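Raw contents of data-v1.txt, compact mmCIF, C-alpha atoms and all ligand atoms:
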```txt
# COMPACT_ATOMS: atom_id res chain seq x y z
CA MET A 1 98.36 77.65 79.24
CA ARG A 2 96.54 78.34 82.53
CA ILE A 3 96.78 81.99 83.50
CA GLY A 4 95.66 83.57 86.77
CA ILE A 5 95.20 87.32 86.76
CA LEU A 6 95.33 88.99 90.18
CA GLY A 7 93.47 92.30 90.00
CA THR A 8 90.39 93.16 87.98
CA GLY A 9 91.22 96.73 86.95
CA ASN A 10 92.28 98.14 83.59
CA VAL A 11 95.52 96.16 83.40
CA GLY A 12 94.00 92.87 84.53
CA LYS A 13 91.16 93.20 82.03
CA ALA A 14 93.48 94.10 79.13
CA VAL A 15 95.92 91.24 79.69
CA ALA A 16 93.10 88.77 80.41
CA ALA A 17 91.29 89.66 77.18
CA GLY A 18 94.47 89.33 75.12
CA ALA A 19 95.46 86.02 76.71
CA ALA A 20 91.96 84.55 76.43
CA ALA A 21 91.74 85.58 72.76
CA ALA A 22 95.01 83.68 72.19
CA GLY A 23 93.40 80.54 73.59
CA HIS A 24 94.76 80.55 77.14
CA GLU A 25 92.65 79.38 80.07
CA VAL A 26 92.28 82.63 82.01
CA VAL A 27 90.71 83.26 85.40
CA PHE A 28 90.68 86.46 87.44
CA GLY A 29 91.52 86.54 91.14
CA SER A 30 89.57 89.13 93.08
CA ARG A 31 89.09 90.08 96.72
CA ASP A 32 85.35 90.12 96.03
CA PRO A 33 84.76 87.64 93.22
CA GLU A 34 80.99 87.66 93.53
CA THR A 35 80.58 91.39 92.99
CA THR A 36 83.42 91.76 90.50
CA GLY A 37 82.29 88.71 88.53
CA ARG A 38 79.00 90.37 87.60
CA ASP A 39 80.82 92.72 85.22
CA LEU A 40 83.42 90.37 83.74
CA GLU A 41 83.09 87.79 80.99
CA LEU A 42 85.83 85.47 82.25
CA PRO A 43 85.64 83.43 85.48
CA VAL A 44 86.38 85.37 88.68
CA VAL A 45 87.53 83.40 91.74
CA PRO A 46 89.19 84.26 95.07
CA VAL A 47 92.79 85.46 94.79
CA ALA A 48 94.18 82.20 96.24
CA ASP A 49 92.29 80.10 93.68
CA ALA A 50 93.52 82.21 90.75
CA ALA A 51 97.09 81.92 92.06
CA ALA A 52 96.65 78.14 92.29
CA HIS A 53 95.16 78.00 88.77
CA GLY A 54 97.89 79.86 86.93
CA GLU A 55 101.04 78.41 85.45
CA ILE A 56 101.76 82.08 84.92
CA VAL A 57 100.16 84.38 87.50
CA VAL A 58 99.87 88.04 86.51
CA ASN A 59 100.21 90.68 89.20
CA ALA A 60 97.82 93.43 88.07
CA THR A 61 97.00 94.62 91.56
CA GLY A 62 97.49 98.16 92.76
CA GLY A 63 101.21 98.57 93.46
CA ASN A 64 100.59 99.80 97.00
CA ALA A 65 98.59 96.61 97.72
CA SER A 66 100.84 93.98 96.06
CA LEU A 67 103.31 93.50 98.90
CA ASP A 68 100.49 92.93 101.39
CA LEU A 69 98.30 90.78 99.16
CA LEU A 70 100.66 88.45 97.30
CA PRO A 71 102.46 86.96 100.34
CA THR A 72 99.04 85.84 101.62
CA VAL A 73 98.98 83.40 98.69
CA ARG A 74 102.68 82.47 98.76
CA THR A 75 101.88 78.76 98.99
CA GLN A 76 99.77 78.88 95.82
CA LEU A 77 102.45 80.96 94.08
CA ALA A 78 105.31 78.62 95.00
CA GLY A 79 106.97 77.22 91.87
CA LYS A 80 104.99 79.58 89.64
CA VAL A 81 106.03 82.41 87.34
CA LEU A 82 104.75 85.79 88.53
CA LEU A 83 104.41 88.25 85.66
CA ASP A 84 104.54 91.51 87.56
CA ILE A 85 103.11 94.67 85.97
CA ALA A 86 102.44 96.66 89.14
CA ILE A 87 103.97 100.05 89.92
CA ASP A 88 103.79 101.47 93.42
CA LEU A 89 103.17 105.18 93.05
CA THR A 90 102.83 107.73 95.84
CA PRO A 91 99.69 109.92 95.86
CA ASP A 92 101.64 112.72 94.14
CA LEU A 93 102.77 110.32 91.37
CA GLY A 94 106.28 109.67 92.63
CA LEU A 95 107.75 106.19 93.08
CA SER A 96 107.39 104.49 96.48
CA HIS A 97 110.46 102.26 95.98
CA LEU A 98 113.28 104.52 94.84
CA ASP A 99 116.18 102.28 95.84
CA ALA A 100 114.52 98.89 95.46
CA SER A 101 111.82 98.27 92.90
CA LEU A 102 108.51 96.65 93.72
CA GLY A 103 109.60 93.77 91.46
CA GLU A 104 112.68 93.13 93.59
CA GLN A 105 110.67 93.39 96.79
CA LEU A 106 108.14 90.89 95.50
CA GLN A 107 110.96 88.51 94.52
CA ARG A 108 112.42 88.85 98.02
CA ALA A 109 109.03 88.28 99.65
CA LEU A 110 108.29 85.27 97.41
CA PRO A 111 111.59 83.35 97.12
CA ARG A 112 109.89 80.22 95.75
CA THR A 113 108.22 82.20 92.96
CA ARG A 114 110.04 83.42 89.85
CA VAL A 115 109.18 87.08 89.29
CA VAL A 116 109.39 88.57 85.80
CA LYS A 117 108.70 92.29 85.48
CA THR A 118 107.28 93.36 82.14
CA LEU A 119 104.58 95.44 80.39
CA CYS A 120 104.71 98.14 83.10
CA THR A 121 106.22 100.82 80.84
CA MET A 122 103.07 101.44 78.81
CA ASP A 123 99.37 102.07 79.19
CA SER A 124 97.02 99.11 79.64
CA VAL A 125 95.45 99.85 76.24
CA VAL A 126 98.79 99.06 74.59
CA MET A 127 99.65 95.88 76.54
CA ALA A 128 97.79 93.44 74.28
CA HIS A 129 98.08 93.78 70.51
CA PRO A 130 99.87 97.13 70.35
CA GLU A 131 99.53 97.05 66.57
CA LYS A 132 95.84 97.88 67.03
CA THR A 133 96.53 101.16 68.82
CA LEU A 134 100.04 102.29 67.81
CA SER A 135 101.30 103.56 64.46
CA GLY A 136 104.44 101.40 64.45
CA PRO A 137 106.54 98.82 66.32
CA SER A 138 107.63 99.51 69.89
CA THR A 139 109.51 97.87 72.75
CA VAL A 140 108.56 95.77 75.77
CA PHE A 141 111.15 95.04 78.47
CA LEU A 142 111.68 91.96 80.66
CA SER A 143 113.52 91.73 84.00
CA GLY A 144 113.91 88.56 86.03
CA ASP A 145 116.49 86.25 87.58
CA ASP A 146 115.24 83.01 86.02
CA ALA A 147 115.88 82.44 82.30
CA ALA A 148 113.20 79.74 81.96
CA ALA A 149 110.60 82.01 83.58
CA LYS A 150 111.50 84.81 81.19
CA ALA A 151 111.19 82.41 78.25
CA GLN A 152 107.71 81.41 79.44
CA VAL A 153 106.70 85.07 79.78
CA ALA A 154 108.19 85.80 76.35
CA GLY A 155 105.89 83.13 74.93
CA LEU A 156 102.88 84.83 76.46
CA LEU A 157 104.09 88.23 75.20
CA GLU A 158 104.33 86.72 71.71
CA ASP A 159 100.67 85.71 72.02
CA LEU A 160 99.84 89.26 73.11
CA GLY A 161 101.34 90.64 69.90
CA TRP A 162 104.95 91.29 70.97
CA PRO A 163 107.28 89.60 68.44
CA PRO A 164 110.92 88.74 69.33
CA GLU A 165 112.29 91.99 67.85
CA ALA A 166 109.98 93.98 70.14
CA ARG A 167 111.19 92.26 73.33
CA LEU A 168 114.30 93.30 75.24
CA ASP A 169 115.59 91.17 78.10
CA LEU A 170 117.23 93.67 80.46
CA GLY A 171 118.72 91.04 82.79
CA GLY A 172 118.03 90.19 86.43
CA ILE A 173 115.19 91.42 88.59
CA ALA A 174 117.38 94.33 89.77
CA THR A 175 116.80 95.87 86.32
CA ALA A 176 113.10 96.20 87.22
CA ARG A 177 114.19 99.48 88.82
CA GLY A 178 114.79 100.89 85.35
CA GLN A 179 111.38 99.76 84.13
CA GLU A 180 109.59 101.14 87.18
CA HIS A 181 111.43 104.45 86.93
CA LEU A 182 110.13 104.77 83.38
CA ALA A 183 106.73 105.34 85.01
CA LEU A 184 107.93 108.86 85.78
CA MET A 185 108.85 109.37 82.13
CA PHE A 186 105.52 107.84 81.11
CA ILE A 187 103.62 110.35 83.24
CA ALA A 188 105.65 113.25 81.83
CA VAL A 189 105.20 112.16 78.20
CA ALA A 190 101.49 111.53 78.70
CA GLY A 191 101.18 115.04 80.09
CA ALA A 192 103.06 116.52 77.14
CA LEU A 193 101.06 114.58 74.55
CA GLY A 194 97.75 114.87 76.36
CA ASP A 195 97.34 111.16 75.63
CA HIS A 196 98.27 107.89 77.39
CA VAL A 197 98.23 105.77 74.25
CA PHE A 198 101.88 105.65 73.12
CA ASN A 199 104.93 103.52 73.72
CA LEU A 200 108.70 103.73 73.63
CA ARG A 201 110.71 102.20 70.80
CA LEU A 202 114.36 101.30 71.23
CA VAL A 203 116.36 102.52 68.24
CA THR A 204 119.80 100.94 67.80
CA PRO A 205 122.74 102.27 65.75
CA THR A 206 123.04 101.56 62.02
CA ARG A 207 125.87 99.08 61.35
N1 LIG A 301 96.66 101.41 84.12
C1 LIG A 301 97.77 101.37 83.41
O1 LIG A 301 97.76 101.74 82.23
C2 LIG A 301 99.05 100.83 84.02
C3 LIG A 301 100.22 100.86 83.28
C4 LIG A 301 101.40 100.32 83.84
C5 LIG A 301 101.36 99.77 85.10
N2 LIG A 301 100.21 99.78 85.82
C6 LIG A 301 100.18 99.17 87.15
O2 LIG A 301 99.40 97.97 87.06
C7 LIG A 301 98.66 97.77 88.27
C8 LIG A 301 97.17 97.68 87.95
O3 LIG A 301 96.77 98.89 87.34
P1 LIG A 301 95.22 99.18 87.06
O4 LIG A 301 95.17 100.45 86.30
O5 LIG A 301 94.57 97.96 86.52
O6 LIG A 301 94.73 99.45 88.56
P2 LIG A 301 93.25 99.40 89.12
O7 LIG A 301 92.29 99.68 88.01
O8 LIG A 301 93.24 100.26 90.33
O9 LIG A 301 93.08 97.87 89.54
C9 LIG A 301 93.87 97.29 90.54
C10 LIG A 301 93.19 96.03 91.03
O10 LIG A 301 93.94 95.53 92.14
C11 LIG A 301 93.09 94.74 92.94
N3 LIG A 301 93.44 94.94 94.34
C12 LIG A 301 93.89 93.99 95.17
N4 LIG A 301 94.14 94.47 96.40
C13 LIG A 301 93.83 95.79 96.36
C14 LIG A 301 93.83 96.83 97.32
N5 LIG A 301 94.23 96.65 98.59
N6 LIG A 301 93.44 98.07 96.92
C15 LIG A 301 93.05 98.29 95.64
N7 LIG A 301 93.02 97.33 94.67
C16 LIG A 301 93.40 96.08 95.04
C17 LIG A 301 91.65 95.20 92.65
O11 LIG A 301 90.94 94.07 92.15
P3 LIG A 301 89.82 93.39 93.07
O12 LIG A 301 89.03 94.54 93.67
O13 LIG A 301 88.99 92.59 92.13
O14 LIG A 301 90.53 92.59 94.10
C18 LIG A 301 91.80 96.24 91.56
O15 LIG A 301 90.85 96.10 90.54
C19 LIG A 301 99.00 98.95 89.18
O16 LIG A 301 100.01 98.56 90.06
C20 LIG A 301 99.50 100.01 88.21
O17 LIG A 301 100.42 100.91 88.83
C21 LIG A 301 99.05 100.30 85.31
```
Render the structure in this file as structure tokens.
Amino acid sequence: MRIGILGTGNVGKAVAAGAAAAGHEVVFGSRDPETTGRDLELPVVPVADAAAHGEIVVNATGGNASLDLLPTVRTQLAGKVLLDIAIDLTPDLGLSHLDASLGEQLQRALPRTRVVKTLCTMDSVVMAHPEKTLSGPSTVFLSGDDAAAKAQVAGLLEDLGWPPEARLDLGGIATARGQEHLALMFIAVAGALGDHVFNLRLVTPTR
């Protein structure tokens, strides 16, 4: 599958490496492809070209930049699936969108794009092939209004090492609020552990 990754930071690099290793055709979209491309092994093109390239386009941009940047490429994103990982944090590590998640705001700003929020509840190191860094199975969440888009993202998650039993579909894009609020829990747990490399595992009742 063709995958465009918007953002060339830790998250973009982690998801790009995992997707490329699984055989996907990955390109990065950067504001400064020439400079950024010197340090990256995969192709780096302007943001609009990466958005045009991807069947799935990954939003790995800084959360405080996403709502400005992505609408500038709304034409290229029309009809596409946007896999949104971004969290918009305030400088003191609070959430910028308390009553409406960034995921919902992106969906509103991009009505012709199908937004699926996922992978934002863990560190970038864990996003691709968690079995390499974690001691046991854990959970990844999906939020989005379009079932077909979520199925497409689930396929990519499978390729990134998230089997069906690890994936939990939370429902519509409104449930992205829950995922984004977990960022606060993530920060607290990371502080308590002194380590960012962990994940949550959903444990259900015995029957
Ligand atoms: N790091 C994690 O473990 C983690 C975990 C969960 C969620 N997240 C979320 O995932 C997103 C990416 O995280 P990250 O750690 O990869 O962030 P990062 O290292 O800061 O990278 C963000 C990328 O966004 C791009 N960008 C586009 N417009 C920008 C602007 N106006 N200002 C700054 N950067 C801009 C930049 O790529 P170009 O310069 O090439 O354009 C930059 O490399 C964030 O929203 C973050 O909250 C991160």
- Item | Selection: 10 Å around A:Val47, all atoms listed in the file, excl. self and same-chain fewer than 5 positions, as a PyMOL selection string | chain A and resi 4-7+27-33+52-53+69-70+72-73+76
- Item | Exercise answer, 6 Å around ligand LIG 301 (chain A) with only C-alpha atoms and all ligand atoms, as number ranges by chain | A: 7-12, 30-32, 36, 60-63, 65, 85-88, 120-124
- Mind checking which residues fall within 12 Å of stretch 135-140 of chain A, counting only C-alpha atoms, ignoring those fewer than 5 positions away in the same chain, and posting them as a PyMOL selection string? chain A and resi 85+117-123+126-130+153-154+157-158+160-170+179+182+197-204
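Compared by their closest atoms to A:Phe186, and using all atoms listed in the file, the residues A:Ile56, A:Leu110, A:Leu93, A:Val15 rank with A:Leu93 nearest.
Residue nearest A:Lys132, chosen from A:Gly18, A:Val26, A:Leu98, A:Val44 and counting only C-alpha atoms: A:Gly18.
The space between atom CA of A:Thr175 and atom CA of A:Asp92 spans 24.0 Å.
Taking atom CA of A:Gly54 and atom CA of A:Arg38 as the two end points, the separation is 21.6 Å.
Those residues that approach A:Arg108 to within 12 Å, counting only C-alpha atoms, are Leu67, Leu70, Pro71, Arg74, Ala100, Ser101, Leu102, Arg114, Val115, Asp145, Ile173 and Ala174 of chain A; same-chain residues fewer than 6 positions away are not listed.
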Could the residues in this selection be written to a file with C-alpha atoms, as a PDB file, in the frame of the given file?
```
ATOM      1  CA  LEU A  67     103.310  93.500  98.900  1.00  0.00           C
ATOM      2  CA  LEU A  70     100.660  88.450  97.300  1.00  0.00           C
ATOM      3  CA  PRO A  71     102.460  86.960 100.340  1.00  0.00           C
ATOM      4  CA  ARG A  74     102.680  82.470  98.760  1.00  0.00           C
ATOM      5  CA  ALA A 100     114.520  98.890  95.460  1.00  0.00           C
ATOM      6  CA  SER A 101     111.820  98.270  92.900  1.00  0.00           C
ATOM      7  CA  LEU A 102     108.510  96.650  93.720  1.00  0.00           C
ATOM      8  CA  ARG A 114     110.040  83.420  89.850  1.00  0.00           C
ATOM      9  CA  VAL A 115     109.180  87.080  89.290  1.00  0.00           C
ATOM     10  CA  ASP A 145     116.490  86.250  87.580  1.00  0.00           C
ATOM     11  CA  ILE A 173     115.190  91.420  88.590  1.00  0.00           C
ATOM     12  CA  ALA A 174     117.380  94.330  89.770  1.00  0.00           C
TER      13      ALA A 174
END
```
- Message: My list of candidates is A:Leu156, A:Ala109, A:Leu83, A:Val189. Which is closest to A:Gly144 when distances are computed with only C-alpha atoms?
- Response: A:Leu83
- Note on the structure: Pairwise distance, atom CA of A:Phe141 with atom CA of A:Gly172, equals 11.6 Å
Restore N, CA and C atoms in stretch 61-80 of chain A and list the result as an mmCIF file, in the coordinates of the input.
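In the end it all went to part_23.cif:
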```cif
data_model
loop_
_atom_site.group_PDB
_atom_site.id
_atom_site.type_symbol
_atom_site.label_atom_id
_atom_site.label_comp_id
_atom_site.auth_asym_id
_atom_site.auth_seq_id
_atom_site.Cartn_x
_atom_site.Cartn_y
_atom_site.Cartn_z
ATOM 1 N N THR A 61 97.618 93.951 90.407
ATOM 2 C CA THR A 61 97.000 94.620 91.560
ATOM 3 C C THR A 61 97.627 96.002 91.729
ATOM 4 N N GLY A 62 96.932 96.851 92.452
ATOM 5 C CA GLY A 62 97.490 98.160 92.760
ATOM 6 C C GLY A 62 98.849 97.979 93.422
ATOM 7 N N GLY A 63 99.840 98.768 92.965
ATOM 8 C CA GLY A 63 101.210 98.570 93.460
ATOM 9 C C GLY A 63 101.333 98.762 94.961
ATOM 10 N N ASN A 64 100.487 99.599 95.549
ATOM 11 C CA ASN A 64 100.590 99.800 97.000
ATOM 12 C C ASN A 64 99.912 98.677 97.774
ATOM 13 N N ALA A 65 99.247 97.746 97.061
ATOM 14 C CA ALA A 65 98.590 96.610 97.720
ATOM 15 C C ALA A 65 99.368 95.308 97.511
ATOM 16 N N SER A 66 100.223 95.255 96.468
ATOM 17 C CA SER A 66 100.840 93.980 96.060
ATOM 18 C C SER A 66 101.632 93.311 97.176
ATOM 19 N N LEU A 67 102.421 94.101 97.902
ATOM 20 C CA LEU A 67 103.310 93.500 98.900
ATOM 21 C C LEU A 67 102.557 92.988 100.123
ATOM 22 N N ASP A 68 101.338 93.473 100.315
ATOM 23 C CA ASP A 68 100.490 92.930 101.390
ATOM 24 C C ASP A 68 99.733 91.708 100.896
ATOM 25 N N LEU A 69 99.202 91.823 99.664
ATOM 26 C CA LEU A 69 98.300 90.780 99.160
ATOM 27 C C LEU A 69 99.029 89.500 98.724
ATOM 28 N N LEU A 70 100.078 89.644 97.920
ATOM 29 C CA LEU A 70 100.660 88.450 97.300
ATOM 30 C C LEU A 70 101.265 87.456 98.298
ATOM 31 N N PRO A 71 101.944 87.944 99.365
ATOM 32 C CA PRO A 71 102.460 86.960 100.340
ATOM 33 C C PRO A 71 101.366 86.159 101.033
ATOM 34 N N THR A 72 100.117 86.636 101.014
ATOM 35 C CA THR A 72 99.040 85.840 101.620
ATOM 36 C C THR A 72 98.733 84.593 100.792
ATOM 37 N N VAL A 73 99.200 84.582 99.529
ATOM 38 C CA VAL A 73 98.980 83.400 98.690
ATOM 39 C C VAL A 73 100.338 82.814 98.241
ATOM 40 N N ARG A 74 101.334 82.929 99.122
ATOM 41 C CA ARG A 74 102.680 82.470 98.760
ATOM 42 C C ARG A 74 102.714 80.968 98.492
ATOM 43 N N THR A 75 101.880 80.209 99.205
ATOM 44 C CA THR A 75 101.880 78.760 98.990
ATOM 45 C C THR A 75 101.403 78.434 97.578
ATOM 46 N N GLN A 76 100.319 79.117 97.164
ATOM 47 C CA GLN A 76 99.770 78.880 95.820
ATOM 48 C C GLN A 76 100.735 79.380 94.733
ATOM 49 N N LEU A 77 101.529 80.389 95.066
ATOM 50 C CA LEU A 77 102.450 80.960 94.080
ATOM 51 C C LEU A 77 103.792 80.214 94.017
ATOM 52 N N ALA A 78 104.025 79.325 94.966
ATOM 53 C CA ALA A 78 105.310 78.620 95.000
ATOM 54 C C ALA A 78 105.504 77.808 93.720
ATOM 55 N N GLY A 79 106.659 77.953 93.103
ATOM 56 C CA GLY A 79 106.970 77.220 91.870
ATOM 57 C C GLY A 79 106.422 77.864 90.626
ATOM 58 N N LYS A 80 105.637 78.946 90.786
ATOM 59 C CA LYS A 80 104.990 79.580 89.640
ATOM 60 C C LYS A 80 105.847 80.740 89.116
#
```
